[in-house]
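File shown: entry.pdb. Contents: PDB, C-alpha atoms (C1' of nucleotides).
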MODEL        1
ATOM      1  CA  MET F   1      47.855 -45.276 -30.559
ATOM      2  CA  LYS F   2      48.568 -46.988 -33.868
ATOM      3  CA  ILE F   3      45.634 -48.245 -35.955
ATOM      4  CA  ALA F   4      46.296 -50.298 -39.077
ATOM      5  CA  THR F   5      44.404 -51.950 -41.909
ATOM      6  CA  PHE F   6      45.790 -54.957 -43.798
ATOM      7  CA  ASN F   7      44.205 -57.005 -46.574
ATOM      8  CA  VAL F   8      45.951 -60.312 -45.894
ATOM      9  CA  ASN F   9      44.630 -62.194 -48.968
ATOM     10  CA  GLY F  10      44.090 -65.465 -47.095
ATOM     11  CA  ILE F  11      44.630 -65.631 -43.314
ATOM     12  CA  LYS F  12      45.823 -69.237 -43.360
ATOM     13  CA  THR F  13      48.435 -68.675 -46.055
ATOM     14  CA  ARG F  14      49.503 -65.371 -44.519
ATOM     15  CA  LEU F  15      49.526 -66.172 -40.794
ATOM     16  CA  ALA F  16      53.336 -66.162 -40.483
ATOM     17  CA  HIS F  17      53.495 -62.804 -42.330
ATOM     18  CA  LEU F  18      50.774 -61.393 -40.088
ATOM     19  CA  LEU F  19      52.518 -62.513 -36.889
ATOM     20  CA  ARG F  20      55.877 -61.103 -38.029
ATOM     21  CA  TRP F  21      54.245 -57.781 -38.842
ATOM     22  CA  LEU F  22      52.359 -57.593 -35.513
ATOM     23  CA  GLU F  23      55.549 -58.428 -33.621
ATOM     24  CA  ARG F  24      57.614 -55.821 -35.439
ATOM     25  CA  GLU F  25      55.128 -52.935 -35.746
ATOM     26  CA  GLN F  26      52.990 -53.511 -32.649
ATOM     27  CA  PRO F  27      49.773 -51.871 -33.898
ATOM     28  CA  ASP F  28      47.245 -51.324 -31.114
ATOM     29  CA  VAL F  29      44.392 -52.132 -33.474
ATOM     30  CA  ALA F  30      44.589 -54.079 -36.741
ATOM     31  CA  CYS F  31      41.690 -54.418 -39.179
ATOM     32  CA  LEU F  32      42.066 -57.390 -41.529
ATOM     33  CA  GLN F  33      40.294 -58.142 -44.810
ATOM     34  CA  GLU F  34      40.071 -61.091 -47.185
ATOM     35  CA  LEU F  35      40.418 -63.778 -44.537
ATOM     36  CA  LYS F  36      39.149 -66.306 -47.113
ATOM     37  CA  ALA F  37      38.350 -68.690 -44.280
ATOM     38  CA  LEU F  38      35.376 -69.985 -42.346
ATOM     39  CA  ASP F  39      34.928 -68.787 -38.757
ATOM     40  CA  GLU F  40      36.417 -72.048 -37.451
ATOM     41  CA  GLY F  41      39.521 -71.502 -39.576
ATOM     42  CA  PHE F  42      40.426 -68.236 -37.843
ATOM     43  CA  PRO F  43      43.733 -68.504 -35.901
ATOM     44  CA  GLU F  44      42.356 -67.160 -32.621
ATOM     45  CA  ARG F  45      44.865 -68.956 -30.425
ATOM     46  CA  GLU F  46      47.943 -67.925 -32.390
ATOM     47  CA  LEU F  47      46.828 -64.295 -32.296
ATOM     48  CA  ARG F  48      46.036 -64.454 -28.586
ATOM     49  CA  ASP F  49      49.502 -65.926 -27.970
ATOM     50  CA  ALA F  50      50.849 -62.920 -29.898
ATOM     51  CA  GLY F  51      48.996 -60.623 -27.486
ATOM     52  CA  TYR F  52      45.904 -59.794 -29.521
ATOM     53  CA  GLY F  53      42.227 -60.235 -28.778
ATOM     54  CA  ALA F  54      40.080 -60.599 -31.887
ATOM     55  CA  LEU F  55      36.643 -60.367 -33.427
ATOM     56  CA  TRP F  56      36.139 -61.993 -36.793
ATOM     57  CA  LYS F  57      33.505 -62.751 -39.403
ATOM     58  CA  GLY F  58      34.518 -65.435 -41.844
ATOM     59  CA  GLN F  59      33.103 -66.908 -45.040
ATOM     60  CA  ARG F  60      34.059 -69.882 -47.197
ATOM     61  CA  SER F  61      36.589 -69.029 -49.912
ATOM     62  CA  TRP F  62      36.046 -65.298 -50.096
ATOM     63  CA  ASN F  63      35.817 -62.070 -48.130
ATOM     64  CA  GLY F  64      36.022 -62.199 -44.335
ATOM     65  CA  VAL F  65      37.051 -59.410 -41.928
ATOM     66  CA  ALA F  66      38.556 -59.194 -38.455
ATOM     67  CA  ILE F  67      39.469 -56.612 -35.817
ATOM     68  CA  LEU F  68      42.483 -57.282 -33.578
ATOM     69  CA  ALA F  69      43.271 -55.337 -30.406
ATOM     70  CA  ARG F  70      46.566 -55.527 -28.536
ATOM     71  CA  GLY F  71      46.165 -56.506 -24.907
ATOM     72  CA  THR F  72      42.377 -56.413 -24.914
ATOM     73  CA  ASP F  73      39.260 -57.785 -26.566
ATOM     74  CA  PRO F  74      37.448 -55.577 -29.083
ATOM     75  CA  LEU F  75      33.881 -54.939 -27.947
ATOM     76  CA  GLU F  76      31.480 -55.876 -30.763
ATOM     77  CA  ILE F  77      29.108 -53.140 -31.977
ATOM     78  CA  ARG F  78      27.801 -54.668 -35.205
ATOM     79  CA  ARG F  79      28.629 -57.517 -37.583
ATOM     80  CA  GLU F  80      27.016 -56.219 -40.750
ATOM     81  CA  LEU F  81      26.484 -53.033 -42.662
ATOM     82  CA  PRO F  82      22.837 -51.921 -42.228
ATOM     83  CA  GLY F  83      20.516 -51.686 -45.198
ATOM     84  CA  ASP F  84      20.261 -55.154 -46.759
ATOM     85  CA  ALA F  85      19.297 -58.112 -44.565
ATOM     86  CA  ALA F  86      19.742 -60.429 -47.564
ATOM     87  CA  ASP F  87      23.433 -59.564 -48.003
ATOM     88  CA  GLU F  88      25.362 -62.703 -47.003
ATOM     89  CA  GLN F  89      28.887 -61.451 -47.716
ATOM     90  CA  SER F  90      31.282 -60.967 -44.780
ATOM     91  CA  ARG F  91      32.500 -57.454 -45.395
ATOM     92  CA  TYR F  92      31.891 -55.358 -42.273
ATOM     93  CA  LEU F  93      32.688 -55.439 -38.571
ATOM     94  CA  GLU F  94      32.444 -52.632 -36.034
ATOM     95  CA  ALA F  95      33.853 -52.639 -32.521
ATOM     96  CA  ALA F  96      34.915 -50.386 -29.660
ATOM     97  CA  VAL F  97      38.536 -50.513 -28.486
ATOM     98  CA  ASN F  98      39.517 -48.318 -25.544
ATOM     99  CA  GLY F  99      36.770 -45.801 -26.318
ATOM    100  CA  LEU F 100      37.524 -45.686 -30.039
ATOM    101  CA  VAL F 101      34.874 -46.885 -32.519
ATOM    102  CA  VAL F 102      36.533 -48.934 -35.245
ATOM    103  CA  GLY F 103      34.764 -49.904 -38.476
ATOM    104  CA  CYS F 104      36.569 -52.545 -40.541
ATOM    105  CA  LEU F 105      35.338 -52.859 -44.113
ATOM    106  CA  TYR F 106      36.044 -54.747 -47.303
ATOM    107  CA  LEU F 107      34.253 -52.943 -50.091
ATOM    108  CA  PRO F 108      33.338 -55.079 -53.117
ATOM    109  CA  ASN F 109      35.861 -55.068 -55.958
ATOM    110  CA  GLY F 110      33.120 -54.638 -58.569
ATOM    111  CA  ASN F 111      34.822 -56.156 -61.625
ATOM    112  CA  PRO F 112      33.898 -56.795 -64.327
ATOM    113  CA  GLN F 113      32.257 -53.490 -65.006
ATOM    114  CA  PRO F 114      29.524 -52.907 -66.042
ATOM    115  CA  GLY F 115      27.562 -55.824 -64.624
ATOM    116  CA  PRO F 116      25.900 -57.220 -61.493
ATOM    117  CA  LYS F 117      29.141 -57.151 -59.479
ATOM    118  CA  PHE F 118      29.581 -53.454 -60.192
ATOM    119  CA  ASP F 119      25.930 -52.839 -59.277
ATOM    120  CA  TYR F 120      26.532 -54.665 -55.989
ATOM    121  CA  LYS F 121      29.631 -52.557 -55.354
ATOM    122  CA  LEU F 122      27.737 -49.291 -55.813
ATOM    123  CA  ALA F 123      24.779 -50.503 -53.719
ATOM    124  CA  TRP F 124      27.158 -51.558 -50.919
ATOM    125  CA  PHE F 125      28.890 -48.187 -51.164
ATOM    126  CA  GLU F 126      25.536 -46.380 -50.793
ATOM    127  CA  ARG F 127      24.838 -48.402 -47.646
ATOM    128  CA  LEU F 128      28.280 -47.439 -46.322
ATOM    129  CA  ILE F 129      27.608 -43.762 -47.059
ATOM    130  CA  ALA F 130      24.279 -43.969 -45.206
ATOM    131  CA  HIS F 131      25.853 -45.666 -42.195
ATOM    132  CA  ALA F 132      28.842 -43.307 -42.163
ATOM    133  CA  ALA F 133      26.425 -40.362 -42.019
ATOM    134  CA  THR F 134      25.342 -41.599 -38.584
ATOM    135  CA  LEU F 135      28.978 -41.678 -37.386
ATOM    136  CA  VAL F 136      30.678 -38.606 -38.809
ATOM    137  CA  ASP F 137      29.310 -36.221 -36.160
ATOM    138  CA  SER F 138      29.288 -38.760 -33.355
ATOM    139  CA  PRO F 139      30.547 -37.496 -29.990
ATOM    140  CA  HIS F 140      32.738 -40.610 -30.015
ATOM    141  CA  PRO F 141      35.975 -40.856 -32.006
ATOM    142  CA  VAL F 142      35.365 -43.068 -35.066
ATOM    143  CA  ILE F 143      37.716 -44.566 -37.656
ATOM    144  CA  LEU F 144      36.425 -46.348 -40.779
ATOM    145  CA  CYS F 145      39.252 -48.292 -42.325
ATOM    146  CA  GLY F 146      39.817 -51.099 -44.756
ATOM    147  CA  ASP F 147      40.123 -52.039 -48.399
ATOM    148  CA  TYR F 148      37.776 -49.595 -50.130
ATOM    149  CA  ASN F 149      38.602 -50.831 -53.634
ATOM    150  CA  VAL F 150      38.624 -47.201 -54.788
ATOM    151  CA  VAL F 151      41.482 -45.307 -56.395
ATOM    152  CA  PRO F 152      40.243 -41.836 -55.372
ATOM    153  CA  THR F 153      42.061 -39.833 -58.092
ATOM    154  CA  ASP F 154      44.560 -40.389 -60.895
ATOM    155  CA  PHE F 155      47.243 -39.220 -58.453
ATOM    156  CA  ASP F 156      46.582 -42.402 -56.446
ATOM    157  CA  ILE F 157      47.829 -44.808 -59.137
ATOM    158  CA  TYR F 158      51.141 -45.244 -60.980
ATOM    159  CA  ASN F 159      49.472 -44.819 -64.370
ATOM    160  CA  PRO F 160      45.725 -44.926 -64.961
ATOM    161  CA  ARG F 161      45.981 -45.782 -68.656
ATOM    162  CA  SER F 162      45.558 -49.554 -68.429
ATOM    163  CA  TRP F 163      43.028 -49.272 -65.561
ATOM    164  CA  ARG F 164      40.493 -46.933 -67.191
ATOM    165  CA  LYS F 165      37.827 -49.624 -67.513
ATOM    166  CA  ASP F 166      38.482 -51.083 -64.057
ATOM    167  CA  ALA F 167      35.780 -50.805 -61.393
ATOM    168  CA  LEU F 168      38.286 -49.179 -58.998
ATOM    169  CA  LEU F 169      38.612 -46.059 -61.174
ATOM    170  CA  GLN F 170      35.076 -45.572 -62.481
ATOM    171  CA  PRO F 171      33.562 -42.090 -62.074
ATOM    172  CA  GLU F 172      30.613 -43.645 -60.171
ATOM    173  CA  THR F 173      33.018 -45.320 -57.732
ATOM    174  CA  ARG F 174      35.030 -42.151 -57.243
ATOM    175  CA  ASP F 175      31.874 -40.112 -56.796
ATOM    176  CA  CYS F 176      30.798 -42.414 -53.951
ATOM    177  CA  TYR F 177      34.160 -41.949 -52.232
ATOM    178  CA  ALA F 178      34.029 -38.173 -52.735
ATOM    179  CA  ARG F 179      30.506 -38.022 -51.281
ATOM    180  CA  LEU F 180      31.668 -40.065 -48.301
ATOM    181  CA  LEU F 181      34.570 -37.678 -47.633
ATOM    182  CA  ALA F 182      32.269 -34.686 -48.131
ATOM    183  CA  GLN F 183      30.319 -35.744 -45.056
ATOM    184  CA  GLY F 184      33.334 -34.529 -43.095
ATOM    185  CA  TRP F 185      35.707 -37.506 -42.966
ATOM    186  CA  THR F 186      39.487 -37.061 -43.104
ATOM    187  CA  ASP F 187      41.400 -39.296 -45.548
ATOM    188  CA  SER F 188      44.404 -39.819 -43.253
ATOM    189  CA  LEU F 189      47.053 -40.832 -45.773
ATOM    190  CA  ARG F 190      46.244 -38.029 -48.184
ATOM    191  CA  HIS F 191      45.994 -35.495 -45.350
ATOM    192  CA  VAL F 192      49.454 -36.364 -44.014
ATOM    193  CA  HIS F 193      51.038 -36.761 -47.473
ATOM    194  CA  PRO F 194      49.261 -34.215 -49.703
ATOM    195  CA  ASP F 195      51.923 -34.066 -52.427
ATOM    196  CA  GLU F 196      53.296 -37.596 -52.418
ATOM    197  CA  ALA F 197      52.259 -40.648 -54.411
ATOM    198  CA  VAL F 198      51.391 -43.219 -51.744
ATOM    199  CA  PHE F 199      50.492 -46.785 -52.701
ATOM    200  CA  THR F 200      49.027 -49.575 -50.578
ATOM    201  CA  PHE F 201      48.487 -52.300 -53.210
ATOM    202  CA  TRP F 202      50.618 -53.748 -55.973
ATOM    203  CA  ASP F 203      48.993 -56.559 -57.955
ATOM    204  CA  TYR F 204      50.826 -59.786 -58.690
ATOM    205  CA  PHE F 205      50.900 -59.204 -62.423
ATOM    206  CA  ARG F 206      53.791 -57.995 -64.519
ATOM    207  CA  GLN F 207      56.218 -57.362 -61.650
ATOM    208  CA  HIS F 208      54.194 -54.393 -60.458
ATOM    209  CA  TRP F 209      55.792 -54.507 -57.008
ATOM    210  CA  GLU F 210      59.290 -54.582 -58.451
ATOM    211  CA  HIS F 211      58.459 -51.507 -60.540
ATOM    212  CA  ASN F 212      56.477 -49.772 -57.768
ATOM    213  CA  SER F 213      53.403 -49.757 -60.007
ATOM    214  CA  GLY F 214      50.926 -49.423 -57.167
ATOM    215  CA  LEU F 215      47.489 -48.151 -56.246
ATOM    216  CA  ARG F 216      46.176 -46.426 -53.121
ATOM    217  CA  ILE F 217      43.005 -48.319 -52.220
ATOM    218  CA  ASP F 218      43.351 -49.012 -48.478
ATOM    219  CA  HIS F 219      42.032 -46.013 -46.574
ATOM    220  CA  LEU F 220      41.680 -44.872 -42.959
ATOM    221  CA  LEU F 221      38.952 -42.267 -42.508
ATOM    222  CA  LEU F 222      38.612 -40.239 -39.288
ATOM    223  CA  ASN F 223      35.431 -38.571 -38.109
ATOM    224  CA  ARG F 224      35.354 -34.958 -36.933
ATOM    225  CA  LYS F 225      35.943 -35.880 -33.323
ATOM    226  CA  LEU F 226      39.022 -37.954 -34.124
ATOM    227  CA  ALA F 227      40.651 -35.934 -36.917
ATOM    228  CA  PRO F 228      42.533 -33.493 -34.610
ATOM    229  CA  SER F 229      44.316 -36.514 -33.072
ATOM    230  CA  LEU F 230      46.024 -37.489 -36.341
ATOM    231  CA  LYS F 231      49.802 -37.449 -35.819
ATOM    232  CA  ALA F 232      51.255 -39.603 -38.592
ATOM    233  CA  ALA F 233      50.250 -42.039 -41.325
ATOM    234  CA  GLY F 234      52.110 -44.468 -43.513
ATOM    235  CA  VAL F 235      52.474 -47.812 -45.243
ATOM    236  CA  ASP F 236      54.562 -50.742 -43.976
ATOM    237  CA  ARG F 237      56.004 -51.466 -47.404
ATOM    238  CA  TRP F 238      58.511 -54.009 -46.098
ATOM    239  CA  VAL F 239      55.626 -56.466 -45.633
ATOM    240  CA  ARG F 240      54.840 -56.338 -49.365
ATOM    241  CA  GLY F 241      58.470 -57.121 -50.162
ATOM    242  CA  GLU F 242      58.489 -60.419 -48.265
ATOM    243  CA  GLN F 243      58.412 -63.796 -49.989
ATOM    244  CA  LYS F 244      54.838 -64.939 -50.755
ATOM    245  CA  ALA F 245      53.443 -61.600 -49.559
ATOM    246  CA  SER F 246      49.860 -60.402 -49.800
ATOM    247  CA  ASP F 247      49.275 -58.009 -52.696
ATOM    248  CA  HIS F 248      48.425 -55.299 -50.104
ATOM    249  CA  ALA F 249      50.729 -53.698 -47.532
ATOM    250  CA  PRO F 250      49.581 -52.742 -44.013
ATOM    251  CA  THR F 251      48.523 -49.095 -43.894
ATOM    252  CA  TRP F 252      48.350 -47.193 -40.611
ATOM    253  CA  VAL F 253      47.743 -44.029 -38.641
ATOM    254  CA  GLU F 254      49.292 -42.858 -35.402
ATOM    255  CA  LEU F 255      46.763 -41.067 -33.202
ATOM    256  CA  ASP F 256      47.320 -38.921 -30.133
ATOM    257  CA  LEU F 257      44.115 -39.513 -28.200
ATOM    258  CA  ASP F 258      45.147 -36.881 -25.631
ATOM    259  CA  ARG F 259      44.219 -34.378 -28.311
ATOM    260  CA  LEU F 260      40.574 -35.466 -28.251
ATOM    261  CA  THR F 261      38.652 -32.295 -27.647
ATOM    262  CA  ALA F 262      36.510 -32.385 -24.541
ATOM    263  CA  PRO F 263      32.855 -31.405 -24.953
ATOM    264  CA  SER F 264      32.832 -27.620 -24.817
ATOM    265  CA  PRO F 265      31.770 -26.509 -21.302
ATOM    266  CA  LYS F 266      28.864 -24.180 -20.839
ATOM    267  CA  ARG F 267      30.353 -20.719 -20.893
ATOM    268  CA  LYS F 268      29.658 -18.330 -18.049
ATOM    269  CA  ILE F 269      28.964 -14.733 -18.941
TER     270      ILE F 269
ATOM    271  C1'  DA W 270      44.263 -60.411 -74.115
ATOM    272  C1'  DT W 271      47.619 -60.926 -70.873
ATOM    273  C1'  DG W 272      49.995 -61.458 -66.469
ATOM    274  C1'  DT W 273      49.858 -64.093 -60.824
ATOM    275  C1'  DC W 274      48.099 -65.803 -56.681
ATOM    276  C1'  DC W 275      44.322 -67.349 -53.593
ATOM    277  C1'  DC W 276      40.690 -70.871 -52.483
ATOM    278  C1'  DC W 277      37.760 -74.840 -53.328
ATOM    279  C1'  DA W 278      35.821 -78.838 -55.643
ATOM    280  C1'  DC W 279      33.483 -82.533 -60.390
ATOM    281  C1'  DC W 280      39.711 -82.886 -55.047
ATOM    282  C1'  DT W 281      46.534 -83.083 -57.370
ATOM    283  C1'  DT W 282      43.971 -79.945 -62.203
ATOM    284  C1'  DG W 283      40.853 -76.489 -63.405
ATOM    285  C1'  DG W 284      37.672 -72.680 -62.524
ATOM    286  C1'  DG W 285      36.171 -68.429 -60.154
ATOM    287  C1'  DG W 286      37.610 -64.244 -58.040
ATOM    288  C1'  DA W 287      40.668 -60.517 -57.492
TER     289       DA W 287
ENDMDL
END

As structure tokens, please, write out the structure in this file.
Amino acid sequence: MKIATFNVNGIKTRLAHLLRWLEREQPDVACLQELKALDEGFPERELRDAGYGALWKGQRSWNGVAILARGTDPLEIRRELPGDAADEQSRYLEAAVNGLVVGCLYLPNGNPQPGPKFDYKLAWFERLIAHAATLVDSPHPVILCGDYNVVPTDFDIYNPRSWRKDALLQPETRDCYARLLAQGWTDSLRHVHPDEAVFTFWDYFRQHWEHNSGLRIDHLLLNRKLAPSLKAAGVDRWVRGEQKASDHAPTWVELDLDRLTAPSPKRKI
DNA sequence: ATGTCCCCACCTTGGGGA
């Protein structure tokens, strides 16, 4: 089972890219971020024609997340991150797909830093940490994936020098991510590629894609139940190389759900 | 400070966000 996360940077502009990628890579589940469209602007029919059922949560101009499932409809669990009823931003969706719990998130960018946007980022992160604590030891397999807007370490960026003041590299941001992982989550890409620089995002400035000056900010985290199923992980870099591409590339894991450990039976003496 | 690309509105340019 292949699960992917892809910040499309505008679903309307990127629909043809998205359809080409789905056709070629056939992910079973795809979590999308930055739809930048209202609910009524979501291309439900085109995706259904491509074989995908969908859940989505749009917003005018900014944010927006969706969960796609090949050959089935994702079963909605929640449409917002708990902890702040006043939060209007469309940044979280959670659904069940074939027994797997999938959380799709778009963590706030947080720039400029310091400032109210950075405060919002850290507050949102704390809510994510609190919610994740209820999922990490779940008897169900859980994956939390999306654009975390965190470069976890200096190894996850081409060169941190010009990014030192950026919200994505701040010690507070990294501490949140470290505390999240410390609950017991597996960072799939880093687990599969411990010694390799892996990037998922190359900004549009200064020919960063052409020079492979990237960042690793799209993450797929597995809870304890799911982690033993991790078979492979990677980045579909070819999507970033297309004309008029998103600044992110689809990032994925391959899971072998047959490896899900059954609840341990009561042992007879 | 800058670079580029997205979306929307004071709607075909300019501003905000990333």

List the residues matched by the PyMOL selection byres ((chain W) within 12 of (chain F)) in the displayed structure as an mmCIF file with C-alpha atoms (C1' of nucleotides), in the frame of the given file, ordered by chain and then by residue number.
data_model
loop_
_atom_site.group_PDB
_atom_site.id
_atom_site.type_symbol
_atom_site.label_atom_id
_atom_site.label_comp_id
_atom_site.auth_asym_id
_atom_site.auth_seq_id
_atom_site.Cartn_x
_atom_site.Cartn_y
_atom_site.Cartn_z
ATOM 1 C "C1'" DT W 271 47.619 -60.926 -70.873
ATOM 2 C "C1'" DG W 272 49.995 -61.458 -66.469
ATOM 3 C "C1'" DT W 273 49.858 -64.093 -60.824
ATOM 4 C "C1'" DC W 274 48.099 -65.803 -56.681
ATOM 5 C "C1'" DC W 275 44.322 -67.349 -53.593
ATOM 6 C "C1'" DC W 276 40.690 -70.871 -52.483
ATOM 7 C "C1'" DC W 277 37.760 -74.840 -53.328
ATOM 8 C "C1'" DA W 278 35.821 -78.838 -55.643
ATOM 9 C "C1'" DG W 285 36.171 -68.429 -60.154
ATOM 10 C "C1'" DG W 286 37.610 -64.244 -58.040
ATOM 11 C "C1'" DA W 287 40.668 -60.517 -57.492
#

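CA of Ile67 in chain F sits 14.7 Å away from CA of Leu15 in chain F.
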
Compile a residue-level contact table for range 169-241 of chain F against range 145-164 of chain F at a cut-off of 6 Å, reporting for every qualifying residue the shortest atom pair and its distance in Å to one decimal, with only C-alpha atoms counted, rows ordered by chain and ascending number, as a tab-separated table.
residue	atom	partner	partner_atom	distance
F:Leu169	CA	F:Val151	CA	5.6
F:Arg174	CA	F:Pro152	CA	5.5
F:Ser213	CA	F:Tyr158	CA	5.1
F:Gly214	CA	F:Tyr158	CA	5.7
F:Leu215	CA	F:Ile157	CA	4.4
F:Arg216	CA	F:Asp156	CA	5.2
F:Ile217	CA	F:Val150	CA	5.2
F:Asp218	CA	F:Asp147	CA	4.4
F:His219	CA	F:Cys145	CA	5.6
F:Leu220	CA	F:Cys145	CA	4.2

> For this file, the PyMOL selection byres ((chain F and resi 182-189) around 7) selects which residues, as an NGL selection string?
Replying inline: :F and (133 or 136 or 178-181 or 190-193 or 219-224 or 227 or 233-234)

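Distance-wise, CA of His131 in chain F and CA of Gly103 in chain F end up 10.5 Å apart.
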
Adding 6 Å on each side of the box along x, y and z that holds all listed atoms of range 38-47 of chain F, could you give its centre and edge lengths in Å to one decimal, as JSON?
{"center_x": 41.4, "center_y": -68.2, "center_z": -36.4, "size_x": 25.0, "size_y": 19.8, "size_z": 23.9}

> What does the distance from CA of Gly41 in chain F to CA of Leu100 in chain F come to in Å, to one decimal?
Replying inline: 27.6 Å

>> Can you tell me which residues surround Asp258 in chain F at a distance of at most 12 Å, considering all atoms listed in the file, apart from same-chain residues fewer than 5 positions away, and format the answer as a VMD selection string?
In response: chain F and resid 1 141 226 228 to 231

>> For this structure, which residues satisfy the selection - the PyMOL selection byres ((chain F and resi 68) around 9) - when it is evaluated on the file as given? I want them as a PyMOL selection string.
In response: chain F and resi 28-32+47+52-56+66-67+69-70+72-74

> Using only C-alpha atoms, which residue out of F:Trp238, F:Glu44, F:Pro27, F:Ser138 lies closest to Lys12 in chain F?
Replying inline: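 Looking at the shortest contact to Lys12 in chain F, the residue is F:Glu44.
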
> Contacts of His248 in chain F at 8 Å or less, counting all atoms listed in the file, minus same-chain residues fewer than 5 places along, as a list in words?
Replying inline: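 Contacts, with the query itself left out: Phe6, Asn7, Val8, Asn9, Thr200, Phe201, Trp202, Asp203 and Arg240 of chain F.
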
Can you spit out the residues from that selection as a short mmCIF file (atom, residue, chain, number, x, y, z; two decimals), in the coordinates of the input, using C-alpha atoms?
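Dumped to selection-v6.cif:
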data_model
loop_
_atom_site.label_atom_id
_atom_site.label_comp_id
_atom_site.auth_asym_id
_atom_site.auth_seq_id
_atom_site.Cartn_x
_atom_site.Cartn_y
_atom_site.Cartn_z
CA PHE F 6 45.79 -54.96 -43.80
CA ASN F 7 44.20 -57.00 -46.57
CA VAL F 8 45.95 -60.31 -45.89
CA ASN F 9 44.63 -62.19 -48.97
CA THR F 200 49.03 -49.58 -50.58
CA PHE F 201 48.49 -52.30 -53.21
CA TRP F 202 50.62 -53.75 -55.97
CA ASP F 203 48.99 -56.56 -57.96
CA ARG F 240 54.84 -56.34 -49.36
#

> Of the residues F:Glu23, F:Glu210, F:Glu94, F:Glu126, which is the one nearest to Pro108 in chain F, using all atoms listed in the file?
Replying inline: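 Counting all atoms listed in the file, the residue closest to Pro108 in chain F is F:Glu126.
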
Could you please fill out range 116-121 of chain F with all heavy atoms and send it back as a PDB file, keeping the file's coordinate frame?
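The resulting file, out_36.pdb, is reproduced below:
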ATOM      1  N   PRO F 116      26.508 -57.064 -62.821  1.00  0.00           N
ATOM      2  CA  PRO F 116      25.900 -57.220 -61.493  1.00  0.00           C
ATOM      3  C   PRO F 116      26.894 -56.999 -60.350  1.00  0.00           C
ATOM      4  O   PRO F 116      26.511 -56.498 -59.288  1.00  0.00           O
ATOM      5  CB  PRO F 116      25.377 -58.668 -61.500  1.00  0.00           C
ATOM      6  CG  PRO F 116      26.012 -59.337 -62.676  1.00  0.00           C
ATOM      7  CD  PRO F 116      26.326 -58.264 -63.663  1.00  0.00           C
ATOM      8  N   LYS F 117      28.160 -57.349 -60.555  1.00  0.00           N
ATOM      9  CA  LYS F 117      29.141 -57.151 -59.479  1.00  0.00           C
ATOM     10  C   LYS F 117      29.405 -55.667 -59.246  1.00  0.00           C
ATOM     11  O   LYS F 117      29.616 -55.237 -58.112  1.00  0.00           O
ATOM     12  CB  LYS F 117      30.436 -57.896 -59.795  1.00  0.00           C
ATOM     13  CG  LYS F 117      30.254 -59.385 -59.728  1.00  0.00           C
ATOM     14  CD  LYS F 117      31.540 -60.118 -59.866  1.00  0.00           C
ATOM     15  CE  LYS F 117      31.278 -61.613 -59.777  1.00  0.00           C
ATOM     16  NZ  LYS F 117      32.449 -62.388 -60.137  1.00  0.00           N
ATOM     17  N   PHE F 118      29.401 -54.911 -60.339  1.00  0.00           N
ATOM     18  CA  PHE F 118      29.581 -53.454 -60.192  1.00  0.00           C
ATOM     19  C   PHE F 118      28.347 -52.832 -59.537  1.00  0.00           C
ATOM     20  O   PHE F 118      28.470 -51.943 -58.690  1.00  0.00           O
ATOM     21  CB  PHE F 118      29.866 -52.823 -61.554  1.00  0.00           C
ATOM     22  CG  PHE F 118      30.315 -51.391 -61.471  1.00  0.00           C
ATOM     23  CD1 PHE F 118      31.480 -51.054 -60.792  1.00  0.00           C
ATOM     24  CD2 PHE F 118      29.570 -50.383 -62.069  1.00  0.00           C
ATOM     25  CE1 PHE F 118      31.896 -49.726 -60.708  1.00  0.00           C
ATOM     26  CE2 PHE F 118      29.986 -49.054 -61.993  1.00  0.00           C
ATOM     27  CZ  PHE F 118      31.150 -48.739 -61.311  1.00  0.00           C
ATOM     28  N   ASP F 119      27.161 -53.322 -59.914  1.00  0.00           N
ATOM     29  CA  ASP F 119      25.930 -52.839 -59.277  1.00  0.00           C
ATOM     30  C   ASP F 119      25.969 -53.106 -57.770  1.00  0.00           C
ATOM     31  O   ASP F 119      25.573 -52.256 -56.966  1.00  0.00           O
ATOM     32  CB  ASP F 119      24.698 -53.523 -59.883  1.00  0.00           C
ATOM     33  CG  ASP F 119      24.522 -53.185 -61.362  1.00  0.00           C
ATOM     34  OD1 ASP F 119      25.098 -52.173 -61.818  1.00  0.00           O
ATOM     35  OD2 ASP F 119      23.819 -53.940 -62.066  1.00  0.00           O
ATOM     36  N   TYR F 120      26.428 -54.312 -57.407  1.00  0.00           N
ATOM     37  CA  TYR F 120      26.532 -54.665 -55.989  1.00  0.00           C
ATOM     38  C   TYR F 120      27.525 -53.754 -55.268  1.00  0.00           C
ATOM     39  O   TYR F 120      27.280 -53.303 -54.147  1.00  0.00           O
ATOM     40  CB  TYR F 120      26.948 -56.134 -55.851  1.00  0.00           C
ATOM     41  CG  TYR F 120      27.226 -56.577 -54.442  1.00  0.00           C
ATOM     42  CD1 TYR F 120      26.213 -56.621 -53.481  1.00  0.00           C
ATOM     43  CD2 TYR F 120      28.511 -56.953 -54.045  1.00  0.00           C
ATOM     44  CE1 TYR F 120      26.476 -57.036 -52.178  1.00  0.00           C
ATOM     45  CE2 TYR F 120      28.781 -57.370 -52.750  1.00  0.00           C
ATOM     46  CZ  TYR F 120      27.767 -57.404 -51.818  1.00  0.00           C
ATOM     47  OH  TYR F 120      28.032 -57.802 -50.529  1.00  0.00           O
ATOM     48  N   LYS F 121      28.637 -53.461 -55.946  1.00  0.00           N
ATOM     49  CA  LYS F 121      29.631 -52.557 -55.354  1.00  0.00           C
ATOM     50  C   LYS F 121      29.010 -51.196 -55.039  1.00  0.00           C
ATOM     51  O   LYS F 121      29.161 -50.680 -53.927  1.00  0.00           O
ATOM     52  CB  LYS F 121      30.805 -52.370 -56.323  1.00  0.00           C
ATOM     53  CG  LYS F 121      31.842 -51.363 -55.846  1.00  0.00           C
ATOM     54  CD  LYS F 121      32.939 -51.152 -56.866  1.00  0.00           C
ATOM     55  CE  LYS F 121      34.093 -50.377 -56.250  1.00  0.00           C
ATOM     56  NZ  LYS F 121      35.404 -50.917 -56.630  1.00  0.00           N
TER      57      LYS F 121
END
